[in-house]
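Student: Below you'll find the structure I mean.
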Amino acid sequence: MILVSQVNALVRRRQVLATLVQRDLRVRYARSVLGYLWTIIDPLAMACVYFIVFTQILKARDTGYSPYFLYLLTGLLAWQWFSQSMTETSRALLSEARLVRSTNLPRELWVVRVVIAKGVEFVLSLPVLAAFTIYYLVTGQTELHWGLVLFPVGIVLQFLLMVGIGLVLAPVTTLVTDTARVVRIALRMGFYATPVLYSVQAAPEGLRTLLLFNPMTGITEFYRAGLFSGRFDAVAMIVGAVITGVVLLIGVVTFPRLEPAVLKEI
């Protein structure tokens with residue numbers, strides 16, 4: 001019932017939500033010469049660096065997925081959306097404290113608006129992924145699979161996961177400002193605990209089960225399911241979807257309970 005009421009409140013204010021998302025994107029690129037292209041340049045540059053380090057220097061090519069660069073780029077784009085959303089949702093209420101306090105908008109809106117804004121940037125970066133996919137298709141280095149239809153499912157699941165986490169982080173960070181520092185550390189650790197640079201199969205056997213309980217492991221499998229001739233980990237995908245649902249439920253229940261304390265604090 002709580003979830004339904006929260007969704008209905010956001011739907012009624014969808015125009016305000018759209019306006020806030022547009023404002024965030026305009027502010028982000030207002031004085032930038034390249035604009036949204038930075039959304040593409042950042043993961044592409046990091047993909048090139050990791051590709052050179054892991055394939056040319058460390059000679060670690062065997063992830064079970066080929067071409068490795070496509071595998072790497074897919075994971076980096078997803079992680080960029082996750083990392084940036086978590087960083088900004090943790091301070092979503094603090095950064096807009098005056099509006100949060102003085103308007104009667106549903107406070108969840110301030111979290112959702114960050115995830116959507118970063119999601120728009122993620123979608124705008126997908127043409128780069130599509131271009132490399134076409135290149136590897138033409139050169140015969142990969143084949144598309146029906147699992148490509150699961151790509152949008154990955155987007156939806158990641159959105160729900162980040163909203164769930166954000167609904168916990170935003171009020172907790174407002175009440176305990178050290179949480180923002182903890183989030184930064186957790187994201188650094190989380191990057192290496194997520195199969196971005198490697199596959200679950202390439203990890204030591206004792207760590208594979210642990211990696212499955214990282215929901216981003218299953219979500220990245222949704223993104224990659226159609227890009228590597230049908231190679232994907234169905235177990236990781238199911239576990240990731242279940243954990244995403246649990247995290248969303250926790251966020252939906254936690255946020256309204258902390259909201260009165262947050263309003264007093266700000």
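Letters A, B, ... mark the chains of the structure tokens in the order given; residue numbers begin at 1 per chain; ligand numbers begin at 1, in order shown.
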Can you pull out every residue within 6 Å of region 69-74 of chain A, counting only C-alpha atoms, but drop anything in the same chain fewer than 2 positions away, and send it as number ranges by chain?
Tutor: A: 47, 67, 76-77, 196-197
Student: Deliver the residues from the most recent selection as a file, using N, CA and C atoms, as an mmCIF file, in the first residue's frame.
Tutor:
data_model
loop_
_atom_site.group_PDB
_atom_site.id
_atom_site.type_symbol
_atom_site.label_atom_id
_atom_site.label_comp_id
_atom_site.auth_asym_id
_atom_site.auth_seq_id
_atom_site.Cartn_x
_atom_site.Cartn_y
_atom_site.Cartn_z
ATOM 1 N N ALA A 47 37.315 2.800 -20.496
ATOM 2 C CA ALA A 47 37.306 1.497 -21.156
ATOM 3 C C ALA A 47 38.609 1.269 -21.916
ATOM 4 N N PRO A 67 33.978 -10.041 -27.858
ATOM 5 C CA PRO A 67 35.193 -9.272 -27.601
ATOM 6 C C PRO A 67 35.187 -8.619 -26.203
ATOM 7 N N LEU A 76 30.974 -0.705 -17.833
ATOM 8 C CA LEU A 76 31.356 0.647 -17.403
ATOM 9 C C LEU A 76 30.202 1.635 -17.554
ATOM 10 N N LEU A 77 29.436 1.524 -18.623
ATOM 11 C CA LEU A 77 28.292 2.424 -18.806
ATOM 12 C C LEU A 77 27.258 2.214 -17.707
ATOM 13 N N VAL A 196 32.633 -5.883 -13.794
ATOM 14 C CA VAL A 196 32.832 -4.910 -14.868
ATOM 15 C C VAL A 196 34.094 -5.260 -15.646
ATOM 16 N N LEU A 197 35.179 -5.481 -14.909
ATOM 17 C CA LEU A 197 36.461 -5.807 -15.525
ATOM 18 C C LEU A 197 36.622 -7.303 -15.766
#
Student: With a distance cut-off of 10 Å and only C-alpha atoms, select the neighbouring residues of Val112 (chain A), excluding the residue or stretch itself and same-chain residues fewer than 2 positions from it, and output the selection as a PyMOL selection string.
Tutor: chain A and resi 10+17+21+85+89+92+107-110+114-117+159-160+162-164+166-167
Student: Name the closest residue to Leu258 (chain A) among the candidates A:Phe191, A:Pro171, A:Gln141, A:Leu210; distances are taken between atoms, counting only C-alpha atoms.
Tutor: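 Under the stated criterion, the closest residue is A:Pro171.
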Student: At what distance in Å, to one decimal, does CA of Val153 (chain A) lie from CA of Val200 (chain A)?
Tutor: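 Computed distance, CA of Val200 (chain A) to CA of Val153 (chain A), equals 20.2 Å.
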Student: Any idea what's packed within 12 Å of Ser102 (chain A), counting only C-alpha atoms, ignoring anything in its chain fewer than 6 positions away? Could you give it as a PDB file with N, CA and C atoms, in the first residue's frame?
Tutor:
ATOM      1  N   GLU A  96      18.859  20.267  -1.885  1.00  0.00           N
ATOM      2  CA  GLU A  96      17.631  21.014  -2.179  1.00  0.00           C
ATOM      3  C   GLU A  96      16.846  21.282  -0.899  1.00  0.00           C
ATOM      4  N   LEU A 263      12.909  16.443   8.118  1.00  0.00           N
ATOM      5  CA  LEU A 263      12.319  17.778   8.030  1.00  0.00           C
ATOM      6  C   LEU A 263      12.717  18.631   9.233  1.00  0.00           C
ATOM      7  N   ILE A 266      16.585  19.693   8.555  1.00  0.00           N
ATOM      8  CA  ILE A 266      16.899  20.672   7.514  1.00  0.00           C
ATOM      9  C   ILE A 266      16.105  21.961   7.692  1.00  0.00           C
TER      10      ILE A 266
END
Student: Would you mind telling me which residue in A:Ile185, A:Val262, A:Ala78, A:Leu175 lies nearest to Tyr223 (chain A) when using only C-alpha atoms?
Tutor: A:Ala78
Student: Need to verify the contact set: Ile40 (chain A), 12 Å, only C-alpha atoms, exclusion of same-chain residues closer than 2 positions in sequence. Can you return it as a list in words?
Tutor: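 That gives Leu34, Gly35, Tyr36, Leu37, Trp38, Asp42, Pro43, Leu44, Ala45, Met46, Ala47, Leu73, Leu76, Leu77, Gln80, Trp81, Glu121, Phe122, Val123, Leu124, Ser125, Leu126, Pro127, Val128 and Leu129 of chain A.
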Student: Generate a file of the selected residues that holds C-alpha atoms, formatted as a PDB file, in the first residue's frame.
Tutor:
ATOM      1  CA  LEU A  34      31.105  19.463 -25.327  1.00  0.00           C
ATOM      2  CA  GLY A  35      27.887  19.150 -23.336  1.00  0.00           C
ATOM      3  CA  TYR A  36      26.479  15.655 -22.967  1.00  0.00           C
ATOM      4  CA  LEU A  37      29.419  14.242 -24.964  1.00  0.00           C
ATOM      5  CA  TRP A  38      31.262  14.092 -21.648  1.00  0.00           C
ATOM      6  CA  ASP A  42      34.307   9.431 -19.622  1.00  0.00           C
ATOM      7  CA  PRO A  43      33.378   5.719 -19.856  1.00  0.00           C
ATOM      8  CA  LEU A  44      34.965   5.397 -23.290  1.00  0.00           C
ATOM      9  CA  ALA A  45      38.281   6.765 -22.013  1.00  0.00           C
ATOM     10  CA  MET A  46      38.196   4.476 -18.967  1.00  0.00           C
ATOM     11  CA  ALA A  47      37.306   1.497 -21.156  1.00  0.00           C
ATOM     12  CA  LEU A  73      32.231  -0.947 -22.136  1.00  0.00           C
ATOM     13  CA  LEU A  76      31.356   0.647 -17.403  1.00  0.00           C
ATOM     14  CA  LEU A  77      28.292   2.424 -18.806  1.00  0.00           C
ATOM     15  CA  GLN A  80      28.685   5.027 -14.351  1.00  0.00           C
ATOM     16  CA  TRP A  81      24.904   5.393 -14.053  1.00  0.00           C
ATOM     17  CA  GLU A 121      22.671  10.466 -19.595  1.00  0.00           C
ATOM     18  CA  PHE A 122      23.001   6.673 -19.631  1.00  0.00           C
ATOM     19  CA  VAL A 123      20.560   6.396 -22.543  1.00  0.00           C
ATOM     20  CA  LEU A 124      22.428   9.134 -24.410  1.00  0.00           C
ATOM     21  CA  SER A 125      25.632   7.110 -24.063  1.00  0.00           C
ATOM     22  CA  LEU A 126      24.106   3.960 -25.596  1.00  0.00           C
ATOM     23  CA  PRO A 127      24.794   4.996 -29.233  1.00  0.00           C
ATOM     24  CA  VAL A 128      28.487   4.441 -28.463  1.00  0.00           C
ATOM     25  CA  LEU A 129      27.736   0.913 -27.288  1.00  0.00           C
TER      26      LEU A 129
END
Student: Among the residues of region 20-255 of chain A, find those DSSP assigns to alpha helix (DSSP H) from the backbone and print them as an NGL selection string.
Tutor: :A and (20-29 or 37-51 or 68-89 or 92-95 or 97-102 or 108-138 or 151-175 or 179-192 or 205-212 or 215-224 or 234-255)
Student: Just checking: using only C-alpha atoms, which residue out of A:Thr244, A:Thr87, A:Ser199, A:Thr174 ends up closest to Lys264 (chain A)?
Tutor: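 Using only C-alpha atoms, the shortest distance to Lys264 (chain A) belongs to A:Thr174.
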